[in-house]
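Dumped input-v1.cif below, it's mmCIF, C-alpha atoms:
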data_protein
loop_
_atom_site.label_atom_id
_atom_site.label_comp_id
_atom_site.auth_asym_id
_atom_site.auth_seq_id
_atom_site.Cartn_x
_atom_site.Cartn_y
_atom_site.Cartn_z
CA MET A 155 -33.99 -42.93 60.02
CA ARG A 156 -33.41 -46.28 58.35
CA PHE A 157 -29.87 -47.64 58.57
CA THR A 158 -27.98 -50.00 56.28
CA PHE A 159 -24.54 -51.13 57.45
CA THR A 160 -21.84 -52.58 55.22
CA GLU A 161 -18.51 -53.97 56.38
CA LYS A 162 -15.36 -54.38 54.31
CA LYS A 163 -12.46 -56.25 55.90
CA VAL A 164 -13.74 -55.43 59.38
CA GLU A 165 -16.28 -56.80 61.85
CA PRO A 166 -17.72 -53.79 63.75
CA SER A 167 -18.99 -54.35 67.26
CA GLU A 168 -22.65 -53.92 68.14
CA GLU A 169 -21.52 -50.99 70.30
CA LEU A 170 -20.04 -49.26 67.22
CA ARG A 171 -23.27 -49.78 65.28
CA LYS A 172 -25.36 -48.30 68.10
CA TYR A 173 -22.92 -45.39 68.36
CA ALA A 174 -23.27 -44.78 64.61
CA GLU A 175 -27.08 -44.90 64.81
CA LYS A 176 -27.04 -42.42 67.69
CA LYS A 177 -24.62 -39.96 66.04
CA ILE A 178 -26.14 -40.11 62.55
CA GLY A 179 -29.68 -40.18 63.94
CA LYS A 180 -29.16 -36.66 65.32
CA ILE A 181 -28.86 -35.36 61.75
CA ASP A 182 -32.40 -36.57 61.07
CA ARG A 183 -33.73 -33.51 62.93
CA LEU A 184 -32.62 -31.39 59.95
CA PHE A 185 -35.03 -33.22 57.66
CA ARG A 186 -38.79 -33.25 57.54
CA GLN A 187 -39.17 -36.71 56.03
CA GLU A 188 -37.57 -39.95 57.11
CA SER A 189 -34.08 -40.50 55.71
CA ASP A 190 -32.01 -43.50 54.70
CA ALA A 191 -28.47 -43.81 56.03
CA TYR A 192 -25.91 -46.09 54.39
CA VAL A 193 -22.84 -46.62 56.57
CA THR A 194 -19.77 -48.51 55.40
CA PHE A 195 -16.96 -49.49 57.75
CA SER A 196 -13.67 -50.64 56.29
CA ILE A 197 -9.99 -50.92 57.07
CA GLU A 198 -7.33 -50.29 54.41
CA ARG A 199 -3.62 -50.17 55.19
CA GLY A 200 -4.27 -49.67 58.89
CA ARG A 201 -6.64 -46.74 58.33
CA HIS A 202 -10.18 -46.99 59.68
CA ILE A 203 -12.59 -45.64 57.08
CA ALA A 204 -16.19 -44.62 57.75
CA GLU A 205 -18.29 -43.77 54.70
CA VAL A 206 -21.70 -42.25 55.32
CA THR A 207 -24.33 -41.58 52.66
CA LEU A 208 -27.63 -39.98 53.57
CA LYS A 209 -30.61 -40.00 51.24
CA ASN A 210 -33.51 -37.73 51.99
CA ASN A 211 -36.28 -36.95 49.56
CA GLY A 212 -34.11 -37.43 46.47
CA MET A 213 -31.08 -35.52 47.80
CA PHE A 214 -27.83 -37.32 48.59
CA TYR A 215 -25.14 -36.33 51.06
CA ARG A 216 -21.96 -38.39 51.01
CA VAL A 217 -18.72 -38.27 52.95
CA SER A 218 -15.81 -40.61 53.66
CA GLU A 219 -13.40 -40.08 56.57
CA SER A 220 -10.26 -41.99 57.42
CA THR A 221 -8.41 -41.96 60.76
CA GLY A 222 -6.62 -44.36 63.06
CA ASP A 223 -9.79 -45.11 65.02
CA MET A 224 -13.23 -46.10 63.70
CA TYR A 225 -15.07 -43.95 66.25
CA ALA A 226 -13.01 -40.89 65.27
CA SER A 227 -13.66 -41.60 61.58
CA LEU A 228 -17.39 -41.82 62.24
CA ASP A 229 -17.36 -38.58 64.27
CA SER A 230 -15.48 -36.78 61.47
CA ALA A 231 -17.90 -38.13 58.84
CA VAL A 232 -20.96 -36.98 60.80
CA ASP A 233 -19.42 -33.53 61.33
CA ALA A 234 -18.59 -33.26 57.61
CA ILE A 235 -22.14 -34.15 56.55
CA GLU A 236 -23.57 -31.62 59.00
CA ARG A 237 -21.22 -28.99 57.55
CA GLN A 238 -22.40 -29.88 54.02
CA ILE A 239 -26.02 -29.44 55.03
CA ARG A 240 -25.41 -26.24 57.00
CA LYS A 241 -23.22 -24.75 54.25
CA ASN A 242 -26.10 -25.05 51.84
CA LYS A 243 -28.81 -24.34 54.40
CA THR A 244 -29.77 -20.98 52.93
CA ARG A 245 -30.52 -22.65 49.61
CA LEU A 246 -31.94 -25.87 50.97
CA ALA A 247 -33.84 -24.66 54.05
CA LYS A 248 -36.91 -23.46 52.19
CA ARG A 249 -37.05 -26.54 49.95
CA LEU A 250 -36.43 -29.04 52.75
CA ARG A 251 -38.98 -27.49 55.08
CA GLU A 252 -41.66 -27.15 52.42
CA GLY A 253 -41.03 -30.59 50.92
CA ALA A 254 -40.32 -29.14 47.47
CA LEU A 255 -37.52 -31.63 47.00
CA ASP A 256 -40.01 -34.30 46.03
CA LEU A 257 -38.51 -33.78 42.59
CA GLY A 258 -34.87 -34.35 43.68
CA ALA A 259 -32.52 -36.36 41.44
CA ALA A 260 -30.41 -39.43 41.96
CA PRO A 261 -26.71 -39.34 41.09
CA GLY A 262 -25.03 -41.18 38.27
CA ASP A 263 -24.57 -41.23 34.57
CA VAL A 264 -26.00 -43.25 31.72
CA PRO A 265 -23.24 -44.00 29.22
CA ALA A 266 -24.13 -44.49 25.57
CA GLU A 267 -23.91 -48.08 24.40
CA GLU A 268 -21.33 -48.45 21.63
CA PRO A 269 -20.10 -51.92 20.64
CA GLU A 270 -16.45 -50.86 20.15
CA PHE A 271 -16.15 -49.57 23.74
CA ASP A 272 -15.76 -51.72 26.84
CA LEU A 273 -18.45 -50.56 29.26
CA ILE A 274 -17.17 -51.02 32.78
CA ARG A 275 -20.20 -49.75 34.67
CA VAL A 276 -23.79 -48.84 33.82
CA LYS A 277 -26.02 -46.82 36.13
CA ARG A 278 -29.70 -46.16 35.66
CA PHE A 279 -31.67 -43.48 37.46
CA ALA A 280 -34.74 -41.34 37.02
CA LEU A 281 -34.07 -37.82 35.75
CA LYS A 282 -36.00 -35.49 38.00
CA PRO A 283 -37.09 -31.94 37.16
CA MET A 284 -35.08 -29.25 38.98
CA THR A 285 -33.52 -25.87 38.33
CA PRO A 286 -29.89 -25.59 37.17
CA GLU A 287 -29.02 -24.06 40.57
CA GLU A 288 -30.46 -27.10 42.37
CA ALA A 289 -28.56 -29.42 39.99
CA ILE A 290 -25.26 -27.59 40.71
CA LEU A 291 -25.96 -27.87 44.43
CA GLN A 292 -26.67 -31.60 44.12
CA MET A 293 -23.53 -32.09 41.99
CA ASN A 294 -21.39 -30.32 44.60
CA LEU A 295 -22.93 -32.28 47.47
CA LEU A 296 -22.05 -35.52 45.69
CA GLY A 297 -18.59 -34.33 44.68
CA HIS A 298 -19.21 -35.12 41.01
CA GLU A 299 -17.86 -33.27 37.97
CA PHE A 300 -21.22 -33.26 36.16
CA PHE A 301 -24.89 -33.92 36.86
CA ALA A 302 -27.77 -34.83 34.52
CA PHE A 303 -31.30 -33.60 35.21
CA ARG A 304 -34.53 -32.34 33.65
CA ASN A 305 -34.55 -28.53 33.53
CA GLN A 306 -37.70 -27.11 35.14
CA GLU A 307 -37.00 -23.73 33.58
CA ASP A 308 -37.04 -25.28 30.07
CA ASP A 309 -40.22 -27.42 30.25
CA GLY A 310 -38.38 -30.51 31.52
CA ALA A 311 -35.78 -30.66 28.74
CA PHE A 312 -32.74 -32.88 29.34
CA ALA A 313 -29.77 -30.89 30.65
CA ILE A 314 -26.33 -31.40 32.20
CA VAL A 315 -24.44 -29.05 34.50
CA TYR A 316 -20.67 -29.45 34.80
CA LYS A 317 -17.63 -27.89 36.45
CA ARG A 318 -15.42 -25.93 34.07
CA LYS A 319 -11.65 -26.35 34.29
CA ASN A 320 -11.11 -22.59 34.49
CA GLY A 321 -13.71 -22.20 37.27
CA GLY A 322 -17.44 -21.70 37.20
CA TYR A 323 -20.08 -24.03 35.81
CA GLY A 324 -21.43 -24.93 32.39
CA LEU A 325 -24.89 -25.98 31.26
CA ILE A 326 -25.63 -28.26 28.31
CA GLN A 327 -29.28 -28.27 27.21
CA ASP A 328 -31.40 -30.30 24.84
CA GLU A 329 -32.96 -28.26 22.00
#

Since I need it in another form, could you write the structure as structure tokens?
Amino acid sequence: MRFTFTEKKVEPSEELRKYAEKKIGKIDRLFRQESDAYVTFSIERGRHIAEVTLKNNGMFYRVSESTGDMYASLDSAVDAIERQIRKNKTRLAKRLREGALDLGAAPGDVPAEEPEFDLIRVKRFALKPMTPEEAILQMNLLGHEFFAFRNQEDDGAFAIVYKRKNGGYGLIQDE
């Protein structure tokens, strides 16, 4: 597993970094291919925040935990990511073991460029072919309200899945 550490308003000790590598490295056994781990340590209003993002074969797992101690925050974050993976294991197990997630998608949105609007942020990413079920799973893992992808069931047509206010999910497809 490859690690990238980021610090915000805190200088973590080398011991904390090694502890993070050891704890997060244990999750790597759940994946067939090598993963990337992005760990951010920060302190805000006396709360120690550990944010962990794992990227494996196009799938993202993200969690942020806040406690009074950085080690406890890291432990909680690792436990939460493991729960995310295990919760979806029945759906993901076959794909992760067989490497079918080579077509996984990256998160984000591409806003339309209109001169009368003030664009605050622009993200670019490759739209990967997947089924609507896989897109809903990826959207839930990221904690997003919508997710753009190429629909494998519709010859790679552009599609968006989204959470409906009254429950359930919606699918918007290109004609």

Residues in the PyMOL selection byres ((chain A and resi 205-222) around 9), expressed as JSON, numbers by chain: {"A": [178, 185, 186, 187, 188, 189, 190, 191, 192, 193, 194, 195, 196, 197, 200, 201, 202, 203, 204, 223, 224, 225, 226, 227, 228, 229, 230, 231, 232, 234, 235, 238, 239, 250, 253, 255, 256, 257, 258, 259, 260, 261, 282, 292, 295, 296, 297]}

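The space separating CA of Lys163 (chain A) from CA of Arg237 (chain A) comes to 28.7 Å.
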
If you apply the PyMOL selection byres ((chain A and resi 286) around 8) to this file, what residues do you get, as a compact mmCIF listing (two decimals) with C-alpha atoms, keeping the file's coordinate frame?
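Wrote it out as part.txt, contents follow:
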# COMPACT_ATOMS: atom_id res chain seq x y z
CA MET A 284 -35.08 -29.25 38.98
CA THR A 285 -33.52 -25.87 38.33
CA GLU A 287 -29.02 -24.06 40.57
CA GLU A 288 -30.46 -27.10 42.37
CA ALA A 289 -28.56 -29.42 39.99
CA ILE A 290 -25.26 -27.59 40.71
CA ASN A 305 -34.55 -28.53 33.53
CA VAL A 315 -24.44 -29.05 34.50
CA LEU A 325 -24.89 -25.98 31.26

d(CA of Met293 (chain A), CA of Gly310 (chain A)) in Å: 18.2 Å

Interatomic distance (Å, one decimal) between CA of His298 (chain A) and CA of Lys241 (chain A): 17.3 Å

Output check: residues returned by the PyMOL selection byres ((chain A and resi 303) around 6), as a PyMOL selection string: chain A and resi 281-282+302+304+313
